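Trainee: Pasting a structure below so you can have a look.
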2 protein chains.
Amino acid sequence: MESVDQPRTTSSRPYHHGDLRNAVIEAALSLLKERGVEGVTLRQCAARAGVSHGAPGHHFGDLKGVLTAIAALGFEGQVAHQEAALAGRTDPVERLAAIGGAYVGFAVTHPAHFSLMFRRDRLRTDDPAFVAASGRAGEILLEETYRYIGDHPHARQFRDMVWSIVHGYASLLISGQKKPPENPEAAAFQMQLAFLRGFDPDTLG
Amino acid sequence: MESVDQPRTTSSRPYHHGDLRNAVIEAALSLLKERGVEGVTLRQCAARAGVSHGAPGHHFGDLKGVLTAIAALGFEGQVAHQEAALAGRTDPVERLAAIGGAYVGFAVTHPAHFSLMFRRDRLRTDDPAFVAASGRAGEILLEETYRYIGDHPHARQFRDMVWSIVHGYASLLISGQKKPPENPEAAAFQMQLAFLRGFDPDTLG
DNA sequence: CCATGATCTAGACGCAGTCTACTTTACCGG
DNA sequence: CCGGTAAAGTAGACTGCGTCTAGATCATGG
C-alpha cells in the first residue's frame with residue numbers, strides 16, 4: 001500500500017514522461033473524485049503523475065487549463081450516458097424523459113465533475129474542446145425536443161424548460177438542498193415523464 | 001483615492017475594533033460582489049476591516065464561518081426580494097409566478113452570492129442561522145404552492161418541480177450555459193406562468 | 001481596583017499558483 | 001551520422017492563502 005501522492009520512484013525514471021498530458025488528466029480526474037473541485041491542484045497532479053510541480057504547466061498553461069480539459073470530458077461522459085439511456089427507446093416522450101433521467105443520473109453519480117462543468121470562474125469557457133463538448137450536450141436535448149414536438153414555433157423555449165427542470169433538479173440534489181430519493185435517475189425520469197404528459201406546449205408564447 | 005485593501009490608518013486606531021463581526025461581514029459582502037466567491041479571503045476581509053489578518057478568526061472560527069454567515073444573509077435577501085414581489089398580488093397563479101421570477105431575479109442580480117448559497121463544500125451547512133434562512137426559502141415556495149393547489153396529495157412533488165425549474169433556469173443563466181434575456185426576472189415570471197397554466201398537477205403520481 | 005476573559009496583534013508553518021533559469025532529450029535537416 | 005533547435009521537465013523563488021500559537025491590550029464585573 002504505497003502512498004499515491006508521492007512520485008512513483010526517484011530512481012531510474014526517464015527524464016521525459018512520454019505521455020504527461022494524459023497522466024495529468026488521469027490524476028486530475030482521480031483527485032476530482034476523491035477531493036472535489038478544490039482538491040484538484042497542479043502540484044498534486046504533478047505528484048501523482050510522478051513529475052516535478054512545474055511540469056503540468058507546459059501542457060496546460062495553468063490550472064484553468066487542466067480543469068477545462070476535464071470539464072470537457074465531463075460533458076462528453078454525460079452525453080455518452082444520455083445516448084446509452086436512449087438505446088432501444090423509440091417513443092419520443094420516453095426518449096426525452098430518458099435524456100433527463102440520464103442528465104440527473106450522471107450528476108448524482110459524479111457530483112464533483114458535474115459541479116465543475118458549470119463553474120465558470122474555474123474554466124476557460126472559450127476553449128474549443130470545451131465549447132464543442134458543452135455545445136453537444138445542449139444539442140442532444142434539442143434534437144429530442146424536436147423529435148417530440150416537431151417543428152414547433154416555441155421548440156427552443158420548450159427545450160429550455162425541460163433543460164431547466166433537469167438541471168435544477170440535479171443541482172438541488174447535489175447541493176444538498178433537496179434530499180435525494182433512492183434512485184435519482186428513475187425519479188428524474190418519472191418527473192420528466194409527468195411534465196411531458198401534463199404540459200401542453202401550445203400554452204407557450 | 002486611498003486603496004481600500006489597506007488598513008485605514010496605522011495611527012490612532014483603537015486596539016479593539018468595537019464591531020468587527022459586522023465589519024468583516026461587510027467586507028466579505030463587498031469582496032463577494034467584486035471578486036466572486038474565491039475572492040473572499042480572511043486576510044482581505046481583515047485588511048478591509050482595518051485589523052490584523054488573524055482577527056476575523058476570533059469571531060467566525062475560520063473562512064467557512066464567514067462564508068456561511070453571508071450565505072445565510074443571501075437566503076434572507078432572496079426571501080425579502082420574493083416577498084416584495086408578492087406585495088399587492090392576490091391571484092395564486094401570479095403569486096407563484098412572481099416567487100419564481102424573484103428567485104431568478106435575485107440570482108442574476110447577485111450571481112456570486114447566489115452561487116455561494118449552494119456551494120456546500122465552502123459552507124457549514126449545519127449552522128443554525130444558515131439552516132433557518134435556507135429553510136425559510138423553501139417554505140415560502142411551499143406556502144404559495146399550497147395557496148395555488150390547496151391540500152393536493154402531490155403538493156410537495158409539485159413544489160419540487162416549480163423549484164427545479166426556477167433553480168435550473170437561474171443556474172443555467174449564471175453559469176453562462178444559456179444566454180440571458182433582456183429582463184431575466186420577467187422572462188422567468190413568464191416561463192413560470194406558462195408552466196402553471198399549461199401543466200395539470202393531477203398528472204402527478 | 002484588580003483579575004479574568006474577550007479581543008486583537010504578530011509571527012510562523014505548510015501548501016498553493018506561477019514565473020524564471022537551467023537541464024535533458026527528441027528530432028530533423030544536412 | 002551529426003549537430004542544432006525546440007520541446008519537455010527540473011528546481012528554486014516569490015507571493016498569497018488558511019490556520020495555529022504566544023503574547024499584548026482592554027473592558028467589565030466583583
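Here's how to read the names in the C-alpha cells: chain A, B, ... by the order shown, residue numbers from 1 in each chain, ligand numbers from 1 in the order shown.
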Write out as JSON, numbers by chain each polymer residue whose atoms come within 10 Å of Leu32 (chain B), counting only C-alpha atoms (C1' of nucleotides); drop sequence neighbours fewer than 4 positions from it.
Mentor: {"B": [26, 27, 28, 36, 37, 38, 39, 40, 41, 67, 70, 110, 111, 112, 113, 116]}
Trainee: Store the residues picked out above in a file with C-alpha atoms, as an mmCIF file, in the first residue's frame.
Mentor:
```
data_model
loop_
_atom_site.group_PDB
_atom_site.id
_atom_site.type_symbol
_atom_site.label_atom_id
_atom_site.label_comp_id
_atom_site.auth_asym_id
_atom_site.auth_seq_id
_atom_site.Cartn_x
_atom_site.Cartn_y
_atom_site.Cartn_z
ATOM 1 C CA GLU B 26 -19.472 43.987 5.286
ATOM 2 C CA ALA B 27 -16.009 43.405 3.844
ATOM 3 C CA ALA B 28 -16.892 39.870 2.800
ATOM 4 C CA GLY B 36 -16.656 36.334 -6.592
ATOM 5 C CA VAL B 37 -16.650 33.523 -4.079
ATOM 6 C CA GLU B 38 -12.943 32.731 -4.470
ATOM 7 C CA GLY B 39 -12.134 36.381 -3.841
ATOM 8 C CA VAL B 40 -13.458 36.271 -0.312
ATOM 9 C CA THR B 41 -10.446 35.561 1.897
ATOM 10 C CA LEU B 67 -18.932 32.328 4.079
ATOM 11 C CA ILE B 70 -23.022 35.735 4.312
ATOM 12 C CA HIS B 110 -26.292 38.802 -7.220
ATOM 13 C CA PRO B 111 -24.714 35.903 -9.101
ATOM 14 C CA ALA B 112 -21.761 35.343 -6.786
ATOM 15 C CA HIS B 113 -23.978 35.496 -3.724
ATOM 16 C CA LEU B 116 -22.226 30.724 -2.729
#
```
Trainee: Can you list every residue in region 16-170 of chain B that DSSP puts in alpha helix (DSSP H), as JSON, numbers by chain?
Mentor: {"B": [20, 21, 22, 23, 24, 25, 26, 27, 28, 29, 30, 31, 32, 33, 34, 35, 42, 43, 44, 45, 46, 47, 48, 49, 55, 56, 57, 58, 59, 60, 63, 64, 65, 66, 67, 68, 69, 70, 71, 72, 73, 74, 75, 76, 77, 78, 79, 80, 81, 82, 83, 84, 85, 86, 92, 93, 94, 95, 96, 97, 98, 99, 100, 101, 102, 103, 104, 105, 106, 107, 108, 109, 111, 112, 113, 114, 115, 116, 117, 128, 129, 130, 131, 132, 133, 134, 135, 136, 137, 138, 139, 140, 141, 142, 143, 144, 145, 146, 147, 148, 149, 155, 156, 157, 158, 159, 160, 161, 162, 163, 164, 165, 166, 167, 168, 169, 170]}
Trainee: Could the residues in this selection be written to a file with C-alpha atoms, as an mmCIF file, in the first residue's frame?
Mentor:
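out35.cif, written as the output of this step:
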```cif
data_model
loop_
_atom_site.group_PDB
_atom_site.id
_atom_site.type_symbol
_atom_site.label_atom_id
_atom_site.label_comp_id
_atom_site.auth_asym_id
_atom_site.auth_seq_id
_atom_site.Cartn_x
_atom_site.Cartn_y
_atom_site.Cartn_z
ATOM 1 C CA LEU B 20 -15.509 43.688 13.965
ATOM 2 C CA ARG B 21 -18.048 40.978 13.279
ATOM 3 C CA ASN B 22 -20.222 43.276 11.224
ATOM 4 C CA ALA B 23 -17.208 44.933 9.649
ATOM 5 C CA VAL B 24 -15.931 41.555 8.455
ATOM 6 C CA ILE B 25 -19.324 40.644 7.038
ATOM 7 C CA GLU B 26 -19.472 43.987 5.286
ATOM 8 C CA ALA B 27 -16.009 43.405 3.844
ATOM 9 C CA ALA B 28 -16.892 39.870 2.800
ATOM 10 C CA LEU B 29 -20.012 41.079 1.009
ATOM 11 C CA SER B 30 -18.095 43.687 -0.944
ATOM 12 C CA LEU B 31 -15.378 41.181 -1.864
ATOM 13 C CA LEU B 32 -18.032 38.697 -2.926
ATOM 14 C CA LYS B 33 -19.598 41.237 -5.230
ATOM 15 C CA GLU B 34 -16.295 42.481 -6.650
ATOM 16 C CA ARG B 35 -14.294 39.276 -6.948
ATOM 17 C CA LEU B 42 -9.957 36.020 5.603
ATOM 18 C CA ARG B 43 -6.902 38.180 5.026
ATOM 19 C CA GLN B 44 -8.696 40.505 2.620
ATOM 20 C CA CYS B 45 -11.640 40.800 4.986
ATOM 21 C CA ALA B 46 -9.238 41.668 7.763
ATOM 22 C CA ALA B 47 -7.481 44.252 5.621
ATOM 23 C CA ARG B 48 -10.733 45.942 4.608
ATOM 24 C CA ALA B 49 -11.896 45.994 8.204
ATOM 25 C CA ALA B 55 -8.612 38.893 13.924
ATOM 26 C CA PRO B 56 -11.608 37.578 11.919
ATOM 27 C CA GLY B 57 -10.861 34.085 13.159
ATOM 28 C CA HIS B 58 -11.898 35.043 16.673
ATOM 29 C CA HIS B 59 -15.410 35.862 15.503
ATOM 30 C CA PHE B 60 -16.012 33.240 12.823
ATOM 31 C CA LEU B 63 -13.267 31.058 6.465
ATOM 32 C CA LYS B 64 -16.193 28.668 6.309
ATOM 33 C CA GLY B 65 -17.722 30.581 9.192
ATOM 34 C CA VAL B 66 -17.607 33.860 7.277
ATOM 35 C CA LEU B 67 -18.932 32.328 4.079
ATOM 36 C CA THR B 68 -21.722 30.586 5.953
ATOM 37 C CA ALA B 69 -22.754 33.844 7.585
ATOM 38 C CA ILE B 70 -23.022 35.735 4.312
ATOM 39 C CA ALA B 71 -24.690 32.762 2.604
ATOM 40 C CA ALA B 72 -27.415 32.930 5.259
ATOM 41 C CA LEU B 73 -27.756 36.635 4.517
ATOM 42 C CA GLY B 74 -28.123 35.675 0.884
ATOM 43 C CA PHE B 75 -31.127 33.474 1.585
ATOM 44 C CA GLU B 76 -32.646 36.246 3.660
ATOM 45 C CA GLY B 77 -32.139 38.716 0.845
ATOM 46 C CA GLN B 78 -33.670 36.347 -1.651
ATOM 47 C CA VAL B 79 -36.713 35.787 0.552
ATOM 48 C CA ALA B 80 -37.062 39.533 1.032
ATOM 49 C CA HIS B 81 -36.952 40.022 -2.733
ATOM 50 C CA GLN B 82 -39.607 37.344 -3.141
ATOM 51 C CA GLU B 83 -41.860 38.874 -0.515
ATOM 52 C CA ALA B 84 -41.541 42.247 -2.198
ATOM 53 C CA ALA B 85 -42.598 40.650 -5.483
ATOM 54 C CA LEU B 86 -45.686 39.238 -3.765
ATOM 55 C CA PRO B 92 -52.348 32.455 -6.599
ATOM 56 C CA VAL B 93 -51.014 31.768 -10.075
ATOM 57 C CA GLU B 94 -49.462 35.188 -10.356
ATOM 58 C CA ARG B 95 -48.064 34.928 -6.832
ATOM 59 C CA LEU B 96 -46.341 31.641 -7.597
ATOM 60 C CA ALA B 97 -45.004 33.008 -10.859
ATOM 61 C CA ALA B 98 -43.788 36.120 -9.041
ATOM 62 C CA ILE B 99 -41.965 33.954 -6.496
ATOM 63 C CA GLY B 100 -40.191 32.238 -9.334
ATOM 64 C CA GLY B 101 -39.408 35.455 -11.110
ATOM 65 C CA ALA B 102 -37.957 36.928 -7.939
ATOM 66 C CA TYR B 103 -35.926 33.766 -7.366
ATOM 67 C CA VAL B 104 -34.268 34.205 -10.746
ATOM 68 C CA GLY B 105 -34.126 37.977 -10.410
ATOM 69 C CA PHE B 106 -32.136 37.729 -7.206
ATOM 70 C CA ALA B 107 -29.808 35.164 -8.754
ATOM 71 C CA VAL B 108 -28.895 37.234 -11.807
ATOM 72 C CA THR B 109 -28.602 40.415 -9.770
ATOM 73 C CA PRO B 111 -24.714 35.903 -9.101
ATOM 74 C CA ALA B 112 -21.761 35.343 -6.786
ATOM 75 C CA HIS B 113 -23.978 35.496 -3.724
ATOM 76 C CA PHE B 114 -26.441 33.076 -5.274
ATOM 77 C CA SER B 115 -23.669 30.659 -6.223
ATOM 78 C CA LEU B 116 -22.226 30.724 -2.729
ATOM 79 C CA MET B 117 -25.583 29.798 -1.203
ATOM 80 C CA PRO B 128 -28.296 27.247 12.824
ATOM 81 C CA ALA B 129 -28.608 30.609 11.094
ATOM 82 C CA PHE B 130 -27.904 29.029 7.720
ATOM 83 C CA VAL B 131 -30.394 26.220 8.301
ATOM 84 C CA ALA B 132 -33.063 28.681 9.331
ATOM 85 C CA ALA B 133 -32.519 31.027 6.407
ATOM 86 C CA SER B 134 -32.313 28.335 3.738
ATOM 87 C CA GLY B 135 -35.286 26.548 5.266
ATOM 88 C CA ARG B 136 -37.354 29.695 5.052
ATOM 89 C CA ALA B 137 -36.540 29.962 1.355
ATOM 90 C CA GLY B 138 -38.035 26.536 0.775
ATOM 91 C CA GLU B 139 -41.063 27.282 2.911
ATOM 92 C CA ILE B 140 -42.157 30.401 1.097
ATOM 93 C CA LEU B 141 -42.287 28.410 -2.124
ATOM 94 C CA LEU B 142 -44.269 25.656 -0.428
ATOM 95 C CA GLU B 143 -46.722 28.140 1.061
ATOM 96 C CA GLU B 144 -47.516 29.620 -2.308
ATOM 97 C CA THR B 145 -47.792 26.162 -3.793
ATOM 98 C CA TYR B 146 -50.435 25.297 -1.208
ATOM 99 C CA ARG B 147 -52.226 28.530 -1.924
ATOM 100 C CA TYR B 148 -52.324 27.519 -5.571
ATOM 101 C CA ILE B 149 -53.300 23.853 -5.488
ATOM 102 C CA ALA B 155 -48.207 19.252 -3.402
ATOM 103 C CA ARG B 156 -44.609 18.633 -2.355
ATOM 104 C CA GLN B 157 -43.801 16.946 -5.632
ATOM 105 C CA PHE B 158 -45.338 19.873 -7.457
ATOM 106 C CA ARG B 159 -43.332 22.303 -5.378
ATOM 107 C CA ASP B 160 -40.182 20.426 -6.300
ATOM 108 C CA MET B 161 -40.984 20.807 -9.977
ATOM 109 C CA VAL B 162 -41.532 24.535 -9.602
ATOM 110 C CA TRP B 163 -38.374 24.779 -7.558
ATOM 111 C CA SER B 164 -36.352 22.795 -10.070
ATOM 112 C CA ILE B 165 -37.492 24.968 -12.947
ATOM 113 C CA VAL B 166 -36.595 28.278 -11.354
ATOM 114 C CA HIS B 167 -33.400 26.991 -9.780
ATOM 115 C CA GLY B 168 -32.316 25.375 -13.005
ATOM 116 C CA TYR B 169 -33.146 28.437 -15.050
ATOM 117 C CA ALA B 170 -31.215 30.659 -12.660
#
```
Trainee: I'd like a table as a Markdown table: residues in chain C with an atom no more than 8 Å from chain B, each row giving the shortest atom pair and its distance in Å to one decimal, only C-alpha atoms (C1' of nucleotides) counted, sorted by chain and rising residue number.
Mentor:
```
| residue | atom | partner | partner_atom | distance |
| --- | --- | --- | --- | --- |
| C:DT7 | C1' | B:His16 | CA | 6.4 |
| C:DC8 | C1' | B:Ala55 | CA | 5.9 |
| C:DT9 | C1' | B:Ser52 | CA | 6.3 |
```
Trainee: Give me the residues near DC27 (chain C) as a PyMOL selection string, where near means some atom within 12 Å (using only C-alpha atoms (C1' of nucleotides)) and where sequence neighbours in that chain fewer than 5 positions away do not count.
Mentor: chain D and resi 3-7
Trainee: Hey, which bits of chain D sit within 8 Å of chain A, and for each residue what's the closest pair of atoms and how far apart in Å (one decimal), counting only C-alpha atoms (C1' of nucleotides), rows by chain and increasing number, as a Markdown table?
Mentor:
```
| residue | atom | partner | partner_atom | distance |
| --- | --- | --- | --- | --- |
| D:DA8 | C1' | A:His16 | CA | 6.3 |
| D:DG9 | C1' | A:Ala55 | CA | 5.8 |
| D:DT10 | C1' | A:Ser52 | CA | 6.3 |
```
Trainee: Tell me which protein, DNA and RNA residues are within 12 Å of Leu204 (chain B), counting only C-alpha atoms (C1' of nucleotides), leaving out same-chain ones fewer than 2 positions away, and put them as a list in words.
Mentor: Gln190, Met191, Gln192, Leu193, Ala194, Phe195, Leu196, Arg197, Gly198 and Phe199 of chain A; His152, Pro153, His154, Ala155, Arg156, Gln157, Phe158, Arg159, Asp160, Met161, Phe199, Asp200, Pro201 and Asp202 of chain B
Trainee: Which residue gives the smallest distance to chain A among B:Asp62, B:Arg89, B:Thr125, B:Asp151, with only C-alpha atoms counted?
Mentor: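 Of the candidates, the smallest distance to chain A is held by B:Thr125.
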Trainee: Restricting the calculation to only C-alpha atoms, which member of B:Gly205, B:Gly61, B:Gly150, B:Gly88 is positioned closest to chain A?
Mentor: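 Closest to chain A, using only C-alpha atoms: B:Gly205.
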Trainee: So which one's closest to chain B, A:Phe118, A:Asp127, A:Pro180, A:Leu173? Using only C-alpha atoms, please.
Mentor: A:Phe118
